[in-house]
Every structure is written in structure tokens, then in C-alpha cells.
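Okay, structure first, notes after.
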Amino acid sequence: MMQSLKYFVRAAAVSLALVAVPLTASAEPTIIIKPGAKPEPMPIAIPDFFGGSGNDGQMARDLAAVISADLERSGLFAPIDKKAFIQDSASLQQGPRFQDWKLINAQALVAGNVTSQANGQVSVQFRLWDVYGEQQMTGFQYNSATNNWRRVAHKIADEVYKRITGEEGYFDTRIVYVSETGPKSKRVKRLAIMDQDGENHKNLTDGGVLVLTPRFSPAAQDITYMSYYGNKPRVYLFNIDSGQQEVLGDFPGMTFAPRFSPDGSKVIMSMAQAGNTDIYVMDIRTRRTQRITNTPGIDTGPSYAPDGSQITFESDRGGSQQIYVMGADGSGPRRISKGQGRYGTPVWSPRGDLIAFTRQYQGSFYIGVMRPDGSGERMLSQGWLIEGPTWAPNGRVLAYFKQEPSGKTQLHSIDLTGFNERVMKTPLDGSDPAWSPLLGNQ
């Protein structure tokens, strides 16, 4: 007989804080992610959480549904149809009957419960079980405001993903992007934000002015983006929580929107001065800019390595659009793209091991990845027009946008296996996505 869950999971004192439950196991289910190899999704059982009646009961069902959808969308898990379950959620509170779960080939089991608190918050507890090893793999408790239940579900999905794959999860994150509507000749573009699964969607700007290429700060609370004020490029800093924005500067010669440095103290961008396009770094505090490239070619699209020591960018200095890497001070530039066609929009992975890019070759566009030295190049997705790669914070999934010949534009995601491409739902057409860091206890 299993002891009550309270003996294994400690309540957290702050909203959305979590406490890991140490427990070792000898033969736990594991998914190994191999780039370029199609994984076999792991069968996993995610019954409704136990919540009694009323609001707790509905939230218990909704939590399980979101966790299941997150894990299925990763392409690494195959949630089992609830109609096959033999044991119900109420009896699961006393412990799994492992034989019942083995009969339906569940390799892992997620079980939990929901309890409303007197202070208006909700307590959600869950356990991840190794069915064939007949032991607990991990467990957590989350105390949160009731209206944050979706974030709790995403956090649980992150923990399941991490425990089984060994990689960080990416479900408790947001996507900021450009929402588009109207005819091609007169597109209305708004800044919009949503959870990574498309929920909690809202517009951040009203569409009165054109907005382009939003980017998250390392802390996930600020967004930098480019807009046009009086037909001149202007860079804004937008705080998501307060809705307040400030002008970083007017840049008449800007050719590419800025990205934050890893420590959030600087933004890097490209600007054209006297007919020459180079890369500049601006200190956010002092607003001073420094040019770090100086060539006759067009240097643009810069992105920092996660440790801030290097920058990748695109340039036509060699006669065609290619990808380069240089030191953060502009030293030692070297071309890393080696294939045929044009390469652009390089973005360094949060893990530092790969650079994502766009490639144009023989009339098609591709999203691909390569190592920082240019080796290991692989194409992940192809389309009529496909651009704007952005990394999930675990460095194992990319988002980008595809435009069809009809003009319809949608956000997509794909993992590094190249076998799990998904449409990311948005109310209207979407482009220029940027993936936030994990939200943590925010």
C-alpha cells in the first residue's frame, strides 16, 4: 500500500514554487533524442487528476488534458486513450495497480490530485510512475492562484519531459509574434503573444503602426521590436507585465531588428551608414552604440552565442549571402556555411551546440541547423517561403513561419529529429515568432 502523497511531496510556500522529490530507480523508461532519427513515441498513461466534484473536478480533468496535449505535441510521447484505463483516478490516490497499467502497455503513468485552499489558491500534486519498474520517478506540489492552472499543467509536462528524456522541457513558455491580417498590399501587423500551445492569446499593439521582428529579453519580461514612426525605423522596449514601452532609439539606417545580449545589457543590430551596412552593439543603459564590423559587404542578422563570447551573422562580403561567426568584439570573422545557395537569419541555440538558419536553394526555402564550425548541416523543413527560426529554451525545438503561394502565413514548430513538424495555432496569420525563455516562478 502506498503512503499518502503528502509524505513524498512538500508544499511550497510561494506561488508556483516547486520542490523535487529525490528517488532513484534502476530501470526507468527513457527516451533518447537522436537528431535525424525518428523516435518511437513512448506509451504514457495520463488519467484525469482526482479532484472530487465542482470546480476542482473540472480543473482536474483540464490539467490532465493539457499535460497530455503538451507531451503528445512533442512527438516523443503517445498518450494512451483514457477508455483503455482499468484503474480510476480515485483509487490511484492509494497507489497504482501496476498490473492494470502493464496490461495496456503504459510505460509511464502520471497521476495527481487537485485541492482548493482556504486562501483562494489551489494545490496540485502529481507523481510520475515507472510502470514496469513499479516505482515513483518524481513528484511535485504546486500552490498557485486558480487562474494559473494552465501554467501548472505546463510545468508538470516539463517535469515529465525532463525526467524521461534528460532534456529540459519547453512547455511553460510563451511565443511573441506578428499577427497579420488584410490584403497583401495593405497588411495590418500587430504584436501578439500567447502560450506555446496557442492559449491565452492577446494582442500587445493595436495595428496602428507596422511592427516587425519582436525578440524576448533573457528574463522573458521584456520584448524589443522594431516599428516605423514617421516612416523611420524605431526600436522599442516593451514590458509584458505592465504594458509600458519605451523608445530605445530612432535608427533611420536600420536594416535588421535588434536582439538582446545573453545578459540583457545590450542589443545587437545592423544599420546602414553612408551606404554601408554593418553590425552595431548598443548599451541599453547608456544608449551608446559601437560598430563592430566594417566591410564593403552587407553584414546583418546578428545573434549572440549563449555565453556572449561570439556572434553569428549573415554577410555577402564573399560575393553571396552566407553565414559567418566572429568574436563578440568583431574579431576573427570566418564563414561557416559551405553548401550551395544563399544562407541567412542565423540564430544560436540556447545550448550553444547549433546554429539555426534559413537557406534558399533552387527555388525553395529551408530551415536547417549546423554546428558553430559549419559541420553537421541538416535541413529540417522545406517550403515555398519559410523564414524566421527561433529556438525553444531547451535548444531542441524550433519555431518559424511558412507562407503559402496563396499568401496564407502560419507559425510552425519542428524538433531536431526533423520528423515532428506542427502548425502552431493562431487566430490570424502569423509571422516573425520569438520563443521566450522558461517562465520559472514568474
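Labeling convention for the C-alpha cells: chains A, B, ... as they appear, residues from 1 per chain, ligands from 1 in order of appearance.
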Skip range 94-103 of chain A itself and residues of its chain fewer than 5 positions away, then list as a PyMOL selection string all residues within 12 Å of it, counting only C-alpha atoms.
chain A and resi 1-6+43-47+50+80+82+84-89+108-113+126-136
Can you write just those residues out, N, CA and C atoms, as a tab-separated table (two decimals), in the first residue's frame?
```
chain	number	residue	atom	x	y	z
A	1	MET	N	0.85	-1.20	0.00
A	1	MET	CA	0.00	0.00	0.00
A	1	MET	C	0.88	1.25	0.00
A	2	MET	N	0.61	2.18	-0.87
A	2	MET	CA	1.41	3.41	-0.96
A	2	MET	C	1.01	4.37	0.14
A	3	GLN	N	1.99	5.05	0.71
A	3	GLN	CA	1.69	6.09	1.67
A	3	GLN	C	1.02	7.27	0.98
A	4	SER	N	0.37	8.11	1.76
A	4	SER	CA	-0.26	9.30	1.21
A	4	SER	C	0.77	10.17	0.51
A	5	LEU	N	0.35	10.86	-0.53
A	5	LEU	CA	1.27	11.67	-1.34
A	5	LEU	C	1.97	12.73	-0.51
A	6	LYS	N	1.36	13.16	0.59
A	6	LYS	CA	1.96	14.25	1.36
A	6	LYS	C	3.30	13.86	1.98
A	43	PRO	N	4.54	5.06	-24.98
A	43	PRO	CA	3.17	5.00	-24.46
A	43	PRO	C	3.14	5.49	-23.00
A	44	ILE	N	2.31	6.46	-22.72
A	44	ILE	CA	2.21	7.03	-21.39
A	44	ILE	C	0.74	7.19	-21.02
A	45	ALA	N	0.39	6.87	-19.79
A	45	ALA	CA	-0.99	7.00	-19.31
A	45	ALA	C	-1.11	8.27	-18.48
A	46	ILE	N	-2.10	9.10	-18.83
A	46	ILE	CA	-2.33	10.35	-18.09
A	46	ILE	C	-3.81	10.42	-17.75
A	47	PRO	N	-4.25	9.70	-16.71
A	47	PRO	CA	-5.66	9.76	-16.33
A	47	PRO	C	-6.02	11.13	-15.76
A	50	PHE	N	-7.40	13.58	-9.72
A	50	PHE	CA	-8.50	13.42	-8.78
A	50	PHE	C	-8.83	14.78	-8.17
A	80	ILE	N	-2.07	7.31	-24.00
A	80	ILE	CA	-3.00	6.20	-24.23
A	80	ILE	C	-4.43	6.69	-24.05
A	82	LYS	N	-7.95	7.23	-22.80
A	82	LYS	CA	-8.46	7.02	-21.45
A	82	LYS	C	-9.51	5.91	-21.37
A	84	ALA	N	-9.17	3.04	-22.33
A	84	ALA	CA	-8.49	1.78	-22.07
A	84	ALA	C	-8.12	1.62	-20.60
A	85	PHE	N	-8.24	2.68	-19.79
A	85	PHE	CA	-7.79	2.63	-18.41
A	85	PHE	C	-8.64	1.67	-17.59
A	86	ILE	N	-8.01	0.89	-16.75
A	86	ILE	CA	-8.70	-0.05	-15.88
A	86	ILE	C	-8.87	0.53	-14.48
A	87	GLN	N	-7.82	1.18	-13.98
A	87	GLN	CA	-7.89	1.80	-12.66
A	87	GLN	C	-8.37	3.23	-12.78
A	88	ASP	N	-9.24	3.67	-11.85
A	88	ASP	CA	-9.76	5.03	-11.92
A	88	ASP	C	-8.92	5.98	-11.06
A	89	SER	N	-9.20	7.27	-11.20
A	89	SER	CA	-8.40	8.30	-10.53
A	89	SER	C	-8.53	8.24	-9.02
A	108	ALA	N	4.88	4.57	-18.65
A	108	ALA	CA	4.93	5.59	-17.60
A	108	ALA	C	3.50	6.01	-17.28
A	109	LEU	N	3.31	6.50	-16.06
A	109	LEU	CA	1.98	6.88	-15.58
A	109	LEU	C	2.09	8.20	-14.83
A	110	VAL	N	1.23	9.15	-15.17
A	110	VAL	CA	1.15	10.43	-14.47
A	110	VAL	C	-0.14	10.46	-13.68
A	111	ALA	N	-0.06	10.61	-12.37
A	111	ALA	CA	-1.24	10.64	-11.52
A	111	ALA	C	-1.16	11.84	-10.58
A	112	GLY	N	-2.32	12.45	-10.27
A	112	GLY	CA	-2.28	13.62	-9.41
A	112	GLY	C	-3.63	13.95	-8.82
A	113	ASN	N	-3.66	15.02	-8.04
A	113	ASN	CA	-4.92	15.47	-7.45
A	113	ASN	C	-4.92	16.98	-7.31
A	126	PHE	N	1.33	15.92	-8.10
A	126	PHE	CA	1.39	14.86	-9.10
A	126	PHE	C	2.58	13.96	-8.85
A	127	ARG	N	2.47	12.75	-9.39
A	127	ARG	CA	3.56	11.78	-9.37
A	127	ARG	C	3.74	11.19	-10.76
A	128	LEU	N	4.99	10.95	-11.11
A	128	LEU	CA	5.32	10.22	-12.33
A	128	LEU	C	5.83	8.85	-11.91
A	129	TRP	N	5.16	7.82	-12.46
A	129	TRP	CA	5.48	6.44	-12.09
A	129	TRP	C	6.13	5.69	-13.26
A	130	ASP	N	7.11	4.89	-12.91
A	130	ASP	CA	7.69	3.91	-13.82
A	130	ASP	C	6.85	2.64	-13.66
A	131	VAL	N	6.05	2.32	-14.67
A	131	VAL	CA	5.09	1.22	-14.54
A	131	VAL	C	5.80	-0.13	-14.41
A	132	TYR	N	6.75	-0.41	-15.27
A	132	TYR	CA	7.39	-1.72	-15.24
A	132	TYR	C	8.41	-1.83	-14.10
A	133	GLY	N	9.00	-0.73	-13.70
A	133	GLY	CA	9.88	-0.72	-12.53
A	133	GLY	C	9.11	-0.64	-11.22
A	134	GLU	N	7.79	-0.33	-11.32
A	134	GLU	CA	6.88	-0.24	-10.18
A	134	GLU	C	7.43	0.69	-9.09
A	135	GLN	N	7.82	1.88	-9.52
A	135	GLN	CA	8.34	2.84	-8.56
A	135	GLN	C	8.11	4.27	-9.05
A	136	GLN	N	8.13	5.18	-8.11
A	136	GLN	CA	7.96	6.59	-8.43
A	136	GLN	C	9.25	7.14	-9.02
```
Two-atom distance - CA of Trp391 in chain A, CA of Arg288 in chain A (Å):
28.5 Å
Write out as a short mmCIF file (atom, residue, chain, number, x, y, z; two decimals) with N, CA and C atoms, in the first residue's frame which residues come within 9 Å of Gly418 in chain A when counting only C-alpha atoms, dropping same-chain ones fewer than 3 positions away.
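Everything below was put into out-v3.cif:
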```cif
data_model
loop_
_atom_site.label_atom_id
_atom_site.label_comp_id
_atom_site.auth_asym_id
_atom_site.auth_seq_id
_atom_site.Cartn_x
_atom_site.Cartn_y
_atom_site.Cartn_z
N PRO A 35 19.24 13.40 -33.15
CA PRO A 35 18.98 14.25 -34.32
C PRO A 35 19.00 13.44 -35.61
N GLY A 36 17.98 13.62 -36.43
CA GLY A 36 17.91 12.93 -37.71
C GLY A 36 17.30 11.56 -37.64
N ALA A 37 17.02 11.05 -36.43
CA ALA A 37 16.41 9.73 -36.28
C ALA A 37 15.00 9.89 -35.76
N LYS A 38 14.06 9.20 -36.37
CA LYS A 38 12.67 9.30 -35.95
C LYS A 38 12.45 8.49 -34.68
N ARG A 378 22.14 20.07 -41.49
CA ARG A 378 20.95 19.26 -41.77
C ARG A 378 19.77 20.17 -42.05
N MET A 379 18.96 19.83 -43.06
CA MET A 379 17.74 20.55 -43.34
C MET A 379 16.58 19.89 -42.59
N LEU A 380 15.77 20.70 -41.92
CA LEU A 380 14.67 20.17 -41.12
C LEU A 380 13.31 20.37 -41.77
N SER A 381 13.15 21.47 -42.50
CA SER A 381 11.84 21.76 -43.10
C SER A 381 12.03 22.52 -44.40
N ILE A 414 9.15 22.51 -35.20
CA ILE A 414 9.74 21.22 -35.57
C ILE A 414 10.86 20.92 -34.58
N ASP A 415 11.05 19.64 -34.26
CA ASP A 415 12.15 19.29 -33.37
C ASP A 415 13.37 18.89 -34.18
N GLU A 421 6.92 18.06 -37.41
CA GLU A 421 6.52 19.42 -37.76
C GLU A 421 5.05 19.62 -37.41
#
```
From the DSSP assignment of the backbone, select every residue of range 49-204 of chain A that is strand (DSSP E), and format the answer as a short mmCIF file (atom, residue, chain, number, x, y, z; two decimals) with C-alpha atoms, in the first residue's frame.
```cif
data_model
loop_
_atom_site.label_atom_id
_atom_site.label_comp_id
_atom_site.auth_asym_id
_atom_site.auth_seq_id
_atom_site.Cartn_x
_atom_site.Cartn_y
_atom_site.Cartn_z
CA PHE A 77 5.07 10.55 -26.15
CA ALA A 78 1.95 8.65 -27.18
CA PRO A 79 -0.77 9.27 -24.56
CA ALA A 108 4.93 5.59 -17.60
CA LEU A 109 1.98 6.88 -15.58
CA VAL A 110 1.15 10.43 -14.47
CA ALA A 111 -1.24 10.64 -11.52
CA GLY A 112 -2.28 13.62 -9.41
CA ASN A 113 -4.92 15.47 -7.45
CA VAL A 114 -6.34 18.97 -7.05
CA THR A 115 -7.40 20.61 -3.78
CA SER A 116 -8.78 24.11 -3.31
CA GLN A 121 -5.35 29.24 -4.15
CA VAL A 122 -5.26 25.72 -5.48
CA SER A 123 -2.85 22.92 -4.60
CA VAL A 124 -1.91 20.48 -7.37
CA GLN A 125 0.12 17.36 -6.59
CA PHE A 126 1.39 14.86 -9.10
CA ARG A 127 3.56 11.78 -9.37
CA LEU A 128 5.32 10.22 -12.33
CA TRP A 129 5.48 6.44 -12.09
CA ASP A 130 7.69 3.91 -13.82
CA GLN A 135 8.34 2.84 -8.56
CA GLN A 136 7.96 6.59 -8.43
CA MET A 137 10.26 8.61 -10.68
CA THR A 138 9.45 12.09 -9.39
CA GLY A 139 6.73 14.13 -7.73
CA PHE A 140 5.87 17.77 -7.14
CA GLN A 141 3.34 20.02 -5.49
CA TYR A 142 2.36 23.42 -6.87
CA ASN A 143 0.45 26.11 -4.98
CA SER A 144 -0.94 28.72 -7.31
CA ALA A 145 -3.79 31.09 -8.00
CA ARG A 174 5.32 31.94 -24.47
CA ILE A 175 5.57 32.92 -28.11
CA VAL A 176 5.55 36.54 -29.24
CA TYR A 177 4.92 37.08 -32.94
CA VAL A 178 3.47 39.39 -35.57
CA SER A 179 -0.25 38.83 -36.15
CA GLU A 180 -1.21 39.72 -39.73
CA THR A 181 -4.46 40.50 -41.47
CA VAL A 188 -2.08 45.22 -40.74
CA LYS A 189 0.59 43.86 -38.39
CA ARG A 190 0.10 43.67 -34.62
CA LEU A 191 2.40 42.45 -31.92
CA ALA A 192 0.76 39.43 -30.24
CA ILE A 193 1.66 36.98 -27.51
CA MET A 194 0.39 33.54 -26.49
CA ASP A 195 1.35 30.43 -24.57
CA LYS A 202 -3.66 38.60 -26.68
CA ASN A 203 -2.57 41.50 -28.87
#
```
Would you please work out which residue, of A:Gly275, A:Gly374, A:Pro29, A:Gly198, is nearest to Pro427 in chain A when using only C-alpha atoms?
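Closest to Pro427 in chain A, using only C-alpha atoms: A:Gly198.
Among A:Asn119, A:Thr289, A:Ser270, A:Ser261, the residue with the shortest atom-to-atom distance to Gly249 in chain A, counting only C-alpha atoms, is A:Thr289.
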In terms of only C-alpha atoms, the residue from A:Ser436, A:Gln244, A:Asn147, A:Asn276 at minimal distance from Asn394 in chain A is A:Ser436
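Remark: for Arg73 in chain A, the closest of the candidate residues A:Phe313, A:Tyr343, A:Tyr228, A:Tyr170 is A:Tyr170 (distances computed over only C-alpha atoms).
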Show me, as a PyMOL selection string, the residues that have an atom within 12 Å of Tyr161 in chain A when counting only C-alpha atoms, minus same-chain residues fewer than 3 positions from it.
chain A and resi 29-33+42+44+67-68+70-77+108+110+128+137-138+154-158+164-172+394
Of the candidates A:Ile386, A:Val347, A:Ala220, A:Val235, which one gets nearest to Val267 in chain A if we count only C-alpha atoms?
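The closest residue to Val267 in chain A is A:Val235.
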Expressed in Å, the length from CA of Glu404 in chain A to CA of Asn231 in chain A is 28.3 Å
Counting only C-alpha atoms, which residue out of A:Arg259, A:Lys232, A:Arg359, A:Arg335 sits closest to Pro214 in chain A?
A:Arg259
What's around Met271 in chain A at 12 Å? Count only C-alpha atoms, leave out sequence neighbours fewer than 2 positions away in its own chain, and write the answer as JSON, numbers by chain.
{"A": [233, 234, 250, 251, 252, 253, 254, 255, 256, 257, 258, 268, 269, 273, 274, 275, 276, 277, 278, 279, 280, 281, 282, 289, 290, 291, 292, 293, 294, 298, 299, 300, 301, 302]}
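Going from CA of Ala153 in chain A to CA of Ala64 in chain A covers 7.4 Å.
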Members of range 149-335 of chain A assigned alpha helix (DSSP H) by DSSP, as a PDB file with C-alpha atoms, in the first residue's frame:
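Wrote it out as part04.pdb, contents follow:
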```pdb
ATOM      1  CA  TRP A 149      -3.897  26.256 -13.624  1.00  0.00           C
ATOM      2  CA  ARG A 150      -2.724  26.059 -17.247  1.00  0.00           C
ATOM      3  CA  ARG A 151       0.797  27.090 -16.217  1.00  0.00           C
ATOM      4  CA  VAL A 152       0.755  24.398 -13.558  1.00  0.00           C
ATOM      5  CA  ALA A 153      -0.132  21.856 -16.251  1.00  0.00           C
ATOM      6  CA  HIS A 154       2.721  23.082 -18.464  1.00  0.00           C
ATOM      7  CA  LYS A 155       5.145  22.826 -15.528  1.00  0.00           C
ATOM      8  CA  ILE A 156       4.083  19.254 -14.867  1.00  0.00           C
ATOM      9  CA  ALA A 157       4.555  18.407 -18.545  1.00  0.00           C
ATOM     10  CA  ASP A 158       8.032  19.990 -18.357  1.00  0.00           C
ATOM     11  CA  GLU A 159       8.949  17.800 -15.390  1.00  0.00           C
ATOM     12  CA  VAL A 160       7.723  14.636 -17.089  1.00  0.00           C
ATOM     13  CA  TYR A 161       9.620  15.524 -20.266  1.00  0.00           C
ATOM     14  CA  LYS A 162      12.790  16.294 -18.320  1.00  0.00           C
ATOM     15  CA  ARG A 163      12.659  13.174 -16.150  1.00  0.00           C
ATOM     16  CA  ILE A 164      12.193  10.804 -19.082  1.00  0.00           C
ATOM     17  CA  THR A 165      14.293  12.448 -21.800  1.00  0.00           C
TER      18      THR A 165
END
```
Shell of 10 Å around His412 in chain A, only C-alpha atoms, local chain residues under 4 positions omitted, as a list in words
Ser381, Ile386, Pro389, Leu398, Ala399, Tyr400, Phe401, Lys402, Glu421, Arg422, Val423, Met424, Lys425, Gly430, Ser431 and Pro433 of chain A
Write to file, as a compact mmCIF listing (two decimals), in the first residue's frame, the residues of the selection just made, with N, CA and C atoms.
```
# COMPACT_ATOMS: atom_id res chain seq x y z
N SER A 381 13.15 21.47 -42.50
CA SER A 381 11.84 21.76 -43.10
C SER A 381 12.03 22.52 -44.40
N ILE A 386 9.80 30.11 -46.29
CA ILE A 386 9.90 29.67 -44.90
C ILE A 386 11.07 30.42 -44.26
N PRO A 389 13.62 31.40 -38.05
CA PRO A 389 13.74 30.40 -36.99
C PRO A 389 13.99 31.03 -35.63
N LEU A 398 12.39 24.14 -32.73
CA LEU A 398 12.42 25.43 -33.41
C LEU A 398 11.00 25.84 -33.81
N ALA A 399 10.74 27.14 -33.77
CA ALA A 399 9.53 27.71 -34.37
C ALA A 399 9.96 28.61 -35.51
N TYR A 400 9.08 28.82 -36.48
CA TYR A 400 9.36 29.64 -37.65
C TYR A 400 8.03 29.90 -38.34
N PHE A 401 8.04 30.59 -39.47
CA PHE A 401 6.78 30.79 -40.18
C PHE A 401 6.91 30.37 -41.64
N LYS A 402 5.80 29.89 -42.16
CA LYS A 402 5.70 29.47 -43.55
C LYS A 402 4.62 30.27 -44.25
N GLU A 421 6.92 18.06 -37.41
CA GLU A 421 6.52 19.42 -37.76
C GLU A 421 5.05 19.62 -37.41
N ARG A 422 4.76 20.71 -36.72
CA ARG A 422 3.40 21.01 -36.29
C ARG A 422 3.05 22.46 -36.61
N VAL A 423 1.78 22.71 -36.92
CA VAL A 423 1.28 24.08 -37.04
C VAL A 423 1.01 24.61 -35.64
N MET A 424 1.45 25.82 -35.36
CA MET A 424 1.17 26.47 -34.08
C MET A 424 -0.05 27.37 -34.29
N LYS A 425 -1.12 27.07 -33.59
CA LYS A 425 -2.39 27.74 -33.88
C LYS A 425 -2.37 29.21 -33.45
N GLY A 430 0.26 34.50 -38.98
CA GLY A 430 1.33 34.85 -38.05
C GLY A 430 2.69 34.75 -38.70
N SER A 431 3.60 35.63 -38.29
CA SER A 431 4.97 35.61 -38.80
C SER A 431 5.91 36.08 -37.70
N PRO A 433 8.07 34.76 -35.37
CA PRO A 433 7.91 34.32 -33.98
C PRO A 433 9.20 34.46 -33.18
```
